[in-house]
Amino acid sequence: MSSINICLSIILSLCYSYFISSKIPKGTPRLISLLPIFYLFTILPLYFSSSFLIALTTFFITWLANFKLLLFAFNQGPLSSFTQKSATNLPIFIFMASLPLRSKQNMKNPTKKIPLNLGLEFVLFAIFLELTFHHKSQLHPKLILICYCFLVFLMIDILVALSSNIVKIILVGFELELEPPSNEPYLSTSLQDFWGHRWNLTVTNTLRLTVYNPVRSALSEVVRRMWALRVAVLATFVVSGLMHELLFYYVNRVSPSWEMTGFFVLHGLCVMVEIGVKRALKDTWQLPGFVSGLLTVGFVVVTAFGLFFPPIIRNGADERVLQEVGFCFDFIKVKMFQFVGYFR
């Protein structure tokens, strides 16, 4: 299946969801009508040979689009705002389903990034990519992992920002806004702050609606409120870990080692402990911001070194993605130099 056919299958599937499934009563009947779409979106990454495209499709379609359609089955989430069966809302529905979009009315104080930030992120991404792609053999393994941390953060920010600009050009006049990909995660003062309010907000908001809220609501009927909250937090991290395992299973095509799930479960447990400590202290004592910030970011980086990156590096996924992205950047650089030389 070619890339064009894959894109067409996504669009046609979302058209079916918009025109057919939306007419079916919410709940189990609508969920059943969407089962073929869930299946299709789950196997689509297998049709790519590019590791980068596999990862991108798994993240945007297999994960985010499926989760949004799951919410849509119960008339919840961002897609439920556009259930009016008209050709006008169809483009919005498709973009909101396939990209991390939310309408302005559903966003509270969206973070605005000035243009300089995106330009600076491109420059930093190019620098770290140059180091890891062309000079990797000369770098210490720990320095390579630090570069990978920056590359993951910058790649998510850049991809979502570019998607936002493209969508704004296509849907001129529509009141839509792409939710910010992150909110300066390096300024986090706690793990709860990092995962809940700063890092990869697209996934955070999706998991909050599909996992955290339902689990907390269901458990609140049978256990104490605080225990319901803690279990919901842990369940959210478990699901996030499993989706990351699925993503890199598609990329590597080898049996998962479950280290990545372990990374997220560990952080889920730590967030649970953190919530309990904060509740016990009741804000009567806290570390200075710069100290808690260093401890938070340091803990994330160190645990990523030990659990998150090893399965990626062990099977060569990092090399394949770097090669594909590096070749693209090299091609762009050559064309830019040719363009500049043309006007001399």
# chains A, B, ... in the order shown; residues from 1 in each chain; ligands from 1
$ residues_around --residues "A:Ala232" --least-positions-apart "2" --cutoff "12 Å" --atoms "only C-alpha atoms" --output "JSON, numbers by chain"
{"A": [207, 208, 209, 210, 211, 212, 213, 214, 215, 216, 217, 218, 219, 220, 223, 225, 226, 227, 228, 229, 230, 234, 235, 236, 237, 238, 239, 268, 269, 271, 272]}
$ write_last_selection --atoms "N, CA and C atoms" --output "compact mmCIF listing (two decimals), in the first residue's frame"
# COMPACT_ATOMS: atom_id res chain seq x y z
N LEU A 207 -4.97 11.13 27.19
CA LEU A 207 -5.00 10.11 28.25
C LEU A 207 -5.88 10.52 29.42
N ARG A 208 -5.94 11.81 29.70
CA ARG A 208 -6.79 12.29 30.80
C ARG A 208 -8.26 11.96 30.50
N LEU A 209 -8.66 12.14 29.24
CA LEU A 209 -10.05 11.91 28.87
C LEU A 209 -10.38 10.43 28.71
N THR A 210 -9.43 9.64 28.17
CA THR A 210 -9.73 8.25 27.85
C THR A 210 -9.41 7.28 28.99
N VAL A 211 -8.48 7.63 29.87
CA VAL A 211 -8.07 6.70 30.93
C VAL A 211 -8.31 7.28 32.32
N TYR A 212 -7.69 8.42 32.60
CA TYR A 212 -7.71 8.96 33.97
C TYR A 212 -9.13 9.26 34.45
N ASN A 213 -9.88 10.04 33.69
CA ASN A 213 -11.23 10.42 34.13
C ASN A 213 -12.17 9.22 34.30
N PRO A 214 -12.24 8.29 33.32
CA PRO A 214 -13.14 7.14 33.50
C PRO A 214 -12.75 6.25 34.69
N VAL A 215 -11.44 5.98 34.85
CA VAL A 215 -11.00 5.12 35.96
C VAL A 215 -11.29 5.79 37.29
N ARG A 216 -10.98 7.06 37.40
CA ARG A 216 -11.22 7.78 38.66
C ARG A 216 -12.71 7.82 38.97
N SER A 217 -13.53 8.08 37.96
CA SER A 217 -14.97 8.16 38.18
C SER A 217 -15.54 6.81 38.62
N ALA A 218 -15.07 5.72 37.98
CA ALA A 218 -15.58 4.39 38.32
C ALA A 218 -15.16 3.96 39.72
N LEU A 219 -13.91 4.23 40.08
CA LEU A 219 -13.40 3.80 41.38
C LEU A 219 -13.94 4.66 42.53
N SER A 220 -14.31 5.89 42.22
CA SER A 220 -14.82 6.77 43.27
C SER A 220 -16.09 6.21 43.92
N VAL A 223 -14.17 3.07 46.30
CA VAL A 223 -13.05 3.31 47.21
C VAL A 223 -13.00 4.80 47.55
N ARG A 225 -11.81 8.64 47.72
CA ARG A 225 -11.47 9.54 46.61
C ARG A 225 -9.98 9.57 46.32
N MET A 226 -9.14 9.63 47.36
CA MET A 226 -7.70 9.72 47.16
C MET A 226 -7.15 8.46 46.51
N TRP A 227 -7.67 7.28 46.91
CA TRP A 227 -7.20 6.04 46.30
C TRP A 227 -7.67 5.93 44.85
N ALA A 228 -8.85 6.43 44.58
CA ALA A 228 -9.34 6.44 43.20
C ALA A 228 -8.43 7.30 42.32
N LEU A 229 -8.00 8.45 42.86
CA LEU A 229 -7.10 9.33 42.13
C LEU A 229 -5.76 8.64 41.86
N ARG A 230 -5.21 7.99 42.89
CA ARG A 230 -3.90 7.35 42.74
C ARG A 230 -3.93 6.21 41.73
N LEU A 234 -1.91 5.85 38.09
CA LEU A 234 -1.09 4.70 37.72
C LEU A 234 -1.62 4.05 36.44
N ALA A 235 -2.93 3.93 36.31
CA ALA A 235 -3.52 3.34 35.11
C ALA A 235 -3.17 4.16 33.88
N THR A 236 -3.14 5.47 34.01
CA THR A 236 -2.79 6.35 32.90
C THR A 236 -1.37 6.11 32.45
N PHE A 237 -0.46 5.97 33.39
CA PHE A 237 0.94 5.72 33.04
C PHE A 237 1.12 4.33 32.43
N VAL A 238 0.37 3.35 32.91
CA VAL A 238 0.45 2.00 32.36
C VAL A 238 0.02 2.01 30.89
N VAL A 239 -1.10 2.67 30.59
CA VAL A 239 -1.59 2.75 29.22
C VAL A 239 -0.58 3.48 28.34
N GLY A 268 4.75 6.59 37.18
CA GLY A 268 3.41 6.61 37.74
C GLY A 268 3.43 6.39 39.24
N LEU A 269 4.23 5.42 39.68
CA LEU A 269 4.35 5.16 41.12
C LEU A 269 4.96 6.36 41.84
N VAL A 271 4.78 9.49 40.92
CA VAL A 271 3.78 10.57 40.97
C VAL A 271 2.77 10.28 42.08
N MET A 272 2.39 9.02 42.24
CA MET A 272 1.49 8.66 43.33
C MET A 272 2.09 9.01 44.70
$ select_by_dssp --residues "stretch 88-290 of chain A" --states "strand (DSSP E or B)" --output "list in words"
Leu101, Arg102, Ser103, Leu176, Glu177 and Leu178 of chain A
$ write_last_selection --atoms "N, CA and C atoms" --output "mmCIF file, in the first residue's frame"
data_model
loop_
_atom_site.group_PDB
_atom_site.id
_atom_site.type_symbol
_atom_site.label_atom_id
_atom_site.label_comp_id
_atom_site.auth_asym_id
_atom_site.auth_seq_id
_atom_site.Cartn_x
_atom_site.Cartn_y
_atom_site.Cartn_z
ATOM 1 N N LEU A 101 -5.501 18.345 17.491
ATOM 2 C CA LEU A 101 -6.235 19.606 17.417
ATOM 3 C C LEU A 101 -7.342 19.673 18.455
ATOM 4 N N ARG A 102 -7.561 20.892 18.959
ATOM 5 C CA ARG A 102 -8.739 21.182 19.787
ATOM 6 C C ARG A 102 -9.268 22.534 19.362
ATOM 7 N N SER A 103 -10.605 22.699 19.411
ATOM 8 C CA SER A 103 -11.189 23.983 19.048
ATOM 9 C C SER A 103 -10.917 25.014 20.127
ATOM 10 N N LEU A 176 -10.096 27.390 14.903
ATOM 11 C CA LEU A 176 -9.391 26.219 15.398
ATOM 12 C C LEU A 176 -8.002 26.614 15.862
ATOM 13 N N GLU A 177 -7.500 25.869 16.812
ATOM 14 C CA GLU A 177 -6.154 26.123 17.325
ATOM 15 C C GLU A 177 -5.512 24.795 17.686
ATOM 16 N N LEU A 178 -4.289 24.570 17.198
ATOM 17 C CA LEU A 178 -3.573 23.349 17.553
ATOM 18 C C LEU A 178 -3.059 23.492 18.959
#
$ closest_residue --among "A:Ser22, A:Thr202, A:Ser292, A:Ser50" --to "A:Ala317" --atoms "only C-alpha atoms"
A:Ser50
$ select_by_dssp --residues "stretch 110-229 of chain A" --states "helix (DSSP H, G or I)" --output "number ranges by chain"
A: 115-134, 136-138, 141-170, 185-187, 191-198, 201-219, 225-229
$ residues_around --residues "stretch 138-153 of chain A" --least-positions-apart "4" --cutoff "10 Å" --atoms "only C-alpha atoms" --output "number ranges by chain"
A: 121, 124-129, 131-132, 134, 157-158, 181-182, 184-186, 199-200, 300-302, 304-305, 309-310, 313, 318, 322
$ closest_residue --among "A:Val222, A:Glu319, A:Tyr47, A:Leu34" --to "A:Leu69" --atoms "only C-alpha atoms"
A:Leu34
$ atom_distance --atom1 "atom CA of A:Pro36" --atom2 "atom CA of A:Tyr16"
10.6 Å
$ closest_residue --among "A:Pro91, A:Gly298, A:Pro311, A:Gly316" --to "A:Leu12" --atoms "only C-alpha atoms"
A:Pro91
$ residues_around --residues "A:Val297" --least-positions-apart "6" --cutoff "9 Å" --atoms "only C-alpha atoms" --output "list in words"
Pro185, Tyr186, Leu187, Ser188, Thr189, Ser190, Leu191 and Phe194 of chain A
$ write_last_selection --atoms "N, CA, C and O atoms" --output "compact mmCIF listing (two decimals), in the first residue's frame"
# COMPACT_ATOMS: atom_id res chain seq x y z
N PRO A 185 8.96 22.00 29.38
CA PRO A 185 9.11 20.93 30.38
C PRO A 185 10.37 21.02 31.22
O PRO A 185 10.42 20.48 32.33
N TYR A 186 11.40 21.69 30.70
CA TYR A 186 12.65 21.85 31.45
C TYR A 186 12.49 22.77 32.65
O TYR A 186 13.40 22.90 33.47
N LEU A 187 11.33 23.43 32.77
CA LEU A 187 11.05 24.29 33.93
C LEU A 187 10.17 23.59 34.96
O LEU A 187 9.73 24.23 35.92
N SER A 188 9.96 22.30 34.80
CA SER A 188 9.11 21.55 35.73
C SER A 188 9.68 21.56 37.13
O SER A 188 10.90 21.47 37.33
N THR A 189 8.81 21.65 38.11
CA THR A 189 9.24 21.65 39.51
C THR A 189 8.83 20.37 40.24
O THR A 189 9.14 20.21 41.42
N SER A 190 8.14 19.47 39.56
CA SER A 190 7.76 18.19 40.14
C SER A 190 7.40 17.25 39.00
O SER A 190 7.15 17.68 37.87
N LEU A 191 7.35 15.95 39.30
CA LEU A 191 6.95 14.97 38.28
C LEU A 191 5.49 15.18 37.88
O LEU A 191 5.13 15.02 36.71
N PHE A 194 5.58 17.99 35.51
CA PHE A 194 6.19 17.59 34.23
C PHE A 194 5.21 16.82 33.37
O PHE A 194 4.96 17.16 32.21
$ decode --residues "stretch 247-267 of chain A" --atoms "N, CA and C atoms" --output "compact mmCIF listing (two decimals), in the first residue's frame"
# COMPACT_ATOMS: atom_id res chain seq x y z
N LEU A 247 4.29 1.32 19.79
CA LEU A 247 4.95 2.19 18.80
C LEU A 247 6.30 1.62 18.40
N PHE A 248 7.11 1.27 19.39
CA PHE A 248 8.46 0.80 19.08
C PHE A 248 8.48 -0.68 18.67
N TYR A 249 7.39 -1.41 18.95
CA TYR A 249 7.26 -2.75 18.38
C TYR A 249 7.09 -2.64 16.87
N TYR A 250 6.26 -1.70 16.43
CA TYR A 250 6.09 -1.48 15.00
C TYR A 250 7.40 -1.06 14.33
N VAL A 251 8.17 -0.21 15.02
CA VAL A 251 9.42 0.28 14.45
C VAL A 251 10.48 -0.82 14.41
N ASN A 252 10.61 -1.57 15.51
CA ASN A 252 11.67 -2.57 15.63
C ASN A 252 11.29 -3.95 15.09
N ARG A 253 9.97 -4.27 15.14
CA ARG A 253 9.45 -5.59 14.74
C ARG A 253 10.12 -6.72 15.54
N VAL A 254 10.36 -6.50 16.80
CA VAL A 254 10.87 -7.54 17.71
C VAL A 254 10.00 -7.55 18.96
N SER A 255 10.04 -8.65 19.69
CA SER A 255 9.25 -8.76 20.91
C SER A 255 9.65 -7.68 21.91
N PRO A 256 8.69 -7.04 22.54
CA PRO A 256 9.03 -5.95 23.49
C PRO A 256 9.76 -6.47 24.71
N SER A 257 10.66 -5.65 25.23
CA SER A 257 11.40 -5.99 26.45
C SER A 257 10.68 -5.48 27.69
N TRP A 258 9.67 -4.64 27.52
CA TRP A 258 8.85 -4.06 28.58
C TRP A 258 9.62 -3.06 29.44
N GLU A 259 10.83 -2.68 29.00
CA GLU A 259 11.56 -1.64 29.73
C GLU A 259 10.85 -0.30 29.63
N MET A 260 10.29 -0.03 28.45
CA MET A 260 9.62 1.25 28.26
C MET A 260 8.37 1.33 29.14
N THR A 261 7.63 0.22 29.23
CA THR A 261 6.48 0.19 30.13
C THR A 261 6.96 0.38 31.57
N GLY A 262 8.07 -0.25 31.91
CA GLY A 262 8.65 -0.09 33.24
C GLY A 262 8.99 1.35 33.54
N PHE A 263 9.48 2.08 32.53
CA PHE A 263 9.79 3.50 32.70
C PHE A 263 8.55 4.28 33.13
N PHE A 264 7.45 4.05 32.44
CA PHE A 264 6.22 4.81 32.74
C PHE A 264 5.56 4.34 34.03
N VAL A 265 5.62 3.03 34.31
CA VAL A 265 5.07 2.54 35.58
C VAL A 265 5.85 3.13 36.75
N LEU A 266 7.18 3.17 36.63
CA LEU A 266 8.01 3.77 37.67
C LEU A 266 7.62 5.22 37.92
N HIS A 267 7.43 5.97 36.85
CA HIS A 267 7.05 7.38 37.01
C HIS A 267 5.63 7.51 37.55
